[in-house]
Structure formats: structure tokens, C-alpha cells
Amino acid sequence: MSIEPLRLTTAPAATTPAAPTPAATAPAAPAPAAPTLAAERRAVLARRIRLFVAATITYNLIEAVVALTAGAKASSSALIGFGLDSVIEVSSAAAVAWQFAGRDPEARERVALKVIGASFFALAAFVTVDALRSLLGSGEAEHSSVGLILAAVSLAVMPGLSYAQRRAGREIGSASAVADSKQTLLCTYLSAVLLVGLALNSLFGWSWADPIAALVIAVIAVREGREAWAGDDCCSPASALRLASPAATAAADSEDSCACSPGCSCCTDPAT
């Protein structure tokens, strides 16, 4: 008879753990493994983005030197404007680098955006004046084989760099990387405009095509300058910093694939 109480005491002991609401959470212990995998993947993507940015800056430096030299030699407003745009692309990257070098990058964001915006406005003003001078007959652009090759190479290289960086930026949830990839994509459009202008001048002797192409570049520069000057809260580098915490990133990932607010221009491009 004494054995049965022992069985009775063991039976409740088995039933109390058997209602295992805490025991059910035991399988959830492997959950920390997921963040470590995500952290490793994020580290890979961050290195990849840094490589893309470094490649873009290096190419833009070379592009600026070649375009400005060839543009001055051929008196091409479009080539000079294209080269100056490459300089601004590098300077804007430097402004962002300066922003993140400080202890409070968000506090420096407004200054960085103003610098970038002012640079685009200066580009638009210079190119417009130079293009109008050419249209009024102060000098006709000459044929430039170097300019044609440069425009063709840029048209081939820039879309790939932009797509790769945008894809990595969306996966890691970096709005700044996505926005920067859009700037690289802008260089593709400018390359197409430059190529058309130079080709029309070279093939048909339409000297007016070069300054017209330069004016198109100026219009695009004004648009970019206005966006930078006004500031884009959802696509700015500081907004990416605000989403850097794991909780914020998880919340952003549930709303948007590239970690910025719904409706942001850097994330709502269906063509990309």
C-alpha cells in the first residue's frame, strides 16, 4: 500500500511538467541562432556595399578627369557638365563620409545635404551659362572620340553597379545605400544624354545637340539639388541610422523591404 502513494506522488509530478507551457518555450531556445546568422549576413552585405561604393567613387574620379580634359579640348559643354557631375558625385560621397565620421551623424545631416544641394545648383548654373554661350555662337563643340567612348563605357558600367548596390542595400535594410544607388543610376541617364548629344554632333554636324544635352544635364542637376537641399527624411543616411537598432530594423522589415517609411522614393521604384 505504501507503493501506491509513491506512484501517486510521481504521477502528479509528471503531470505538472506535462502541462508544459514553459517546456514549450524550451524549443524556442535555438531562436538566438537566427540573429547570429542575420548578423553574419549583414556583415557580408555591409562589406559588399562598401566595395560597390569604393568602386563607384574610383570610377567617378577617373570619369571626371577624362570628361573635363576631353570637354575642354573639344569645347563641349555636355562633356564638361558630365565631368563636373562626376566631381559632385564624389564630393557628395565625401560629405556623407564626413557626416558619419562625427559622434552624432544625425546632427550633421542637414549640413551635408546643404553642401550636396549647393553643389548641384552650382553645376546647373555653370553648365547652363556655358551651354547658352555655345548656342549663341561663342564656340561650337568639336568631335570627341574620347567623349563618345567614355559615355558608352559609363552607360555599360553604371547600371550594373547601381543594381548590385541597390539589391544589397534593400536586403540589409539600408536606406542610404539604396539612395546612393539611385545617384549611380542617375549617372546612367546622364551618360545616355551625353552619348546622344556627342553622336549627333559627330555624325551629322549638329553642333547645337551638344549644348542641348548640357541643358538636359543642368535640369537633372537642379532636380537633384532641390531634393538634397530640402532633405529626404525617409531616404537620408540619418534615417538609416535611426533604423540601425535590431528592434527598429525588425519593425521596418515588416513594413518595408528597404527599411524606410512607406511611400519613400528610395523604395517605391517598381522598375528597380
# chains A, B, ... in the order shown; residues from 1 in each chain; ligands from 1
call {"tool": "select_by_dssp", "arguments": {"residues": "segment 123-165 of chain A", "states": "helix (DSSP H, G or I)", "output": "VMD selection string"}}
result
chain A and resid 123 to 135 145 to 165
call {"tool": "write_last_selection", "arguments": {"atoms": "C-alpha atoms", "output": "PDB file, in the first residue's frame"}}
result
ATOM      1  CA  LEU A 123      26.778  72.650 -61.546  1.00  0.00           C
ATOM      2  CA  ALA A 124      23.441  73.596 -63.104  1.00  0.00           C
ATOM      3  CA  ALA A 125      24.348  77.295 -63.191  1.00  0.00           C
ATOM      4  CA  PHE A 126      27.748  76.736 -64.783  1.00  0.00           C
ATOM      5  CA  VAL A 127      26.501  74.272 -67.379  1.00  0.00           C
ATOM      6  CA  THR A 128      23.523  76.475 -68.290  1.00  0.00           C
ATOM      7  CA  VAL A 129      25.692  79.551 -68.863  1.00  0.00           C
ATOM      8  CA  ASP A 130      28.224  77.578 -70.877  1.00  0.00           C
ATOM      9  CA  ALA A 131      25.500  75.892 -72.965  1.00  0.00           C
ATOM     10  CA  LEU A 132      23.771  79.199 -73.715  1.00  0.00           C
ATOM     11  CA  ARG A 133      27.082  80.711 -74.787  1.00  0.00           C
ATOM     12  CA  SER A 134      27.545  77.817 -77.207  1.00  0.00           C
ATOM     13  CA  LEU A 135      24.014  78.162 -78.566  1.00  0.00           C
ATOM     14  CA  SER A 145      36.174  60.282 -79.779  1.00  0.00           C
ATOM     15  CA  VAL A 146      37.265  60.139 -76.147  1.00  0.00           C
ATOM     16  CA  GLY A 147      33.927  61.579 -75.054  1.00  0.00           C
ATOM     17  CA  LEU A 148      31.972  59.057 -77.110  1.00  0.00           C
ATOM     18  CA  ILE A 149      33.945  56.147 -75.656  1.00  0.00           C
ATOM     19  CA  LEU A 150      33.586  57.495 -72.115  1.00  0.00           C
ATOM     20  CA  ALA A 151      29.821  57.910 -72.459  1.00  0.00           C
ATOM     21  CA  ALA A 152      29.462  54.394 -73.902  1.00  0.00           C
ATOM     22  CA  VAL A 153      31.573  52.820 -71.153  1.00  0.00           C
ATOM     23  CA  SER A 154      29.655  54.674 -68.422  1.00  0.00           C
ATOM     24  CA  LEU A 155      26.363  53.600 -69.974  1.00  0.00           C
ATOM     25  CA  ALA A 156      27.550  49.986 -69.757  1.00  0.00           C
ATOM     26  CA  VAL A 157      29.153  50.073 -66.293  1.00  0.00           C
ATOM     27  CA  MET A 158      26.877  52.235 -64.156  1.00  0.00           C
ATOM     28  CA  PRO A 159      23.607  50.231 -64.412  1.00  0.00           C
ATOM     29  CA  GLY A 160      25.339  47.103 -63.089  1.00  0.00           C
ATOM     30  CA  LEU A 161      26.922  48.943 -60.163  1.00  0.00           C
ATOM     31  CA  SER A 162      23.641  50.639 -59.329  1.00  0.00           C
ATOM     32  CA  TYR A 163      21.627  47.413 -59.429  1.00  0.00           C
ATOM     33  CA  ALA A 164      24.128  45.466 -57.318  1.00  0.00           C
ATOM     34  CA  GLN A 165      24.326  48.143 -54.643  1.00  0.00           C
TER      35      GLN A 165
END
call {"tool": "residues_around", "arguments": {"residues": "Ser76 of chain A", "least_positions_apart": "3", "cutoff": "9 Å", "atoms": "only C-alpha atoms", "output": "list of chain:residue names"}}
result
A:Ala70, A:Gly71, A:Ala72, A:Lys73, A:Leu79, A:Ile80, A:Gly81, A:Ala131, A:Ser134, A:Glu140, A:Ala141, A:Glu142, A:His143, A:Ser144, A:Leu198, A:Asp210, A:Pro211, A:Ala214
call {"tool": "atom_distance", "arguments": {"atom1": "atom CA of Val53 of chain A", "atom2": "atom CA of Ser91 of chain A"}}
result
12.8 Å
call {"tool": "atom_distance", "arguments": {"atom1": "atom CA of Arg47 of chain A", "atom2": "atom CA of Glu224 of chain A"}}
result
27.4 Å
call {"tool": "atom_distance", "arguments": {"atom1": "atom CA of Ala46 of chain A", "atom2": "atom CA of Lys114 of chain A"}}
result
26.4 Å
call {"tool": "residues_around", "arguments": {"residues": "Arg166 of chain A", "least_positions_apart": "2", "cutoff": "9 Å", "atoms": "only C-alpha atoms", "output": "list in words"}}
result
Ile49, Leu161, Ser162, Tyr163, Ala164, Ala168, Gly169, Arg170, Glu171, Ala177, Val178, Ala179, Asp180, Ser181, Lys182 and Thr272 of chain A
call {"tool": "residues_around", "arguments": {"residues": "Ser86 of chain A", "least_positions_apart": "3", "cutoff": "9 Å", "atoms": "only C-alpha atoms", "output": "ChimeraX atom specification"}}
result
/A:57,59-65,67,81-83,89-91,187
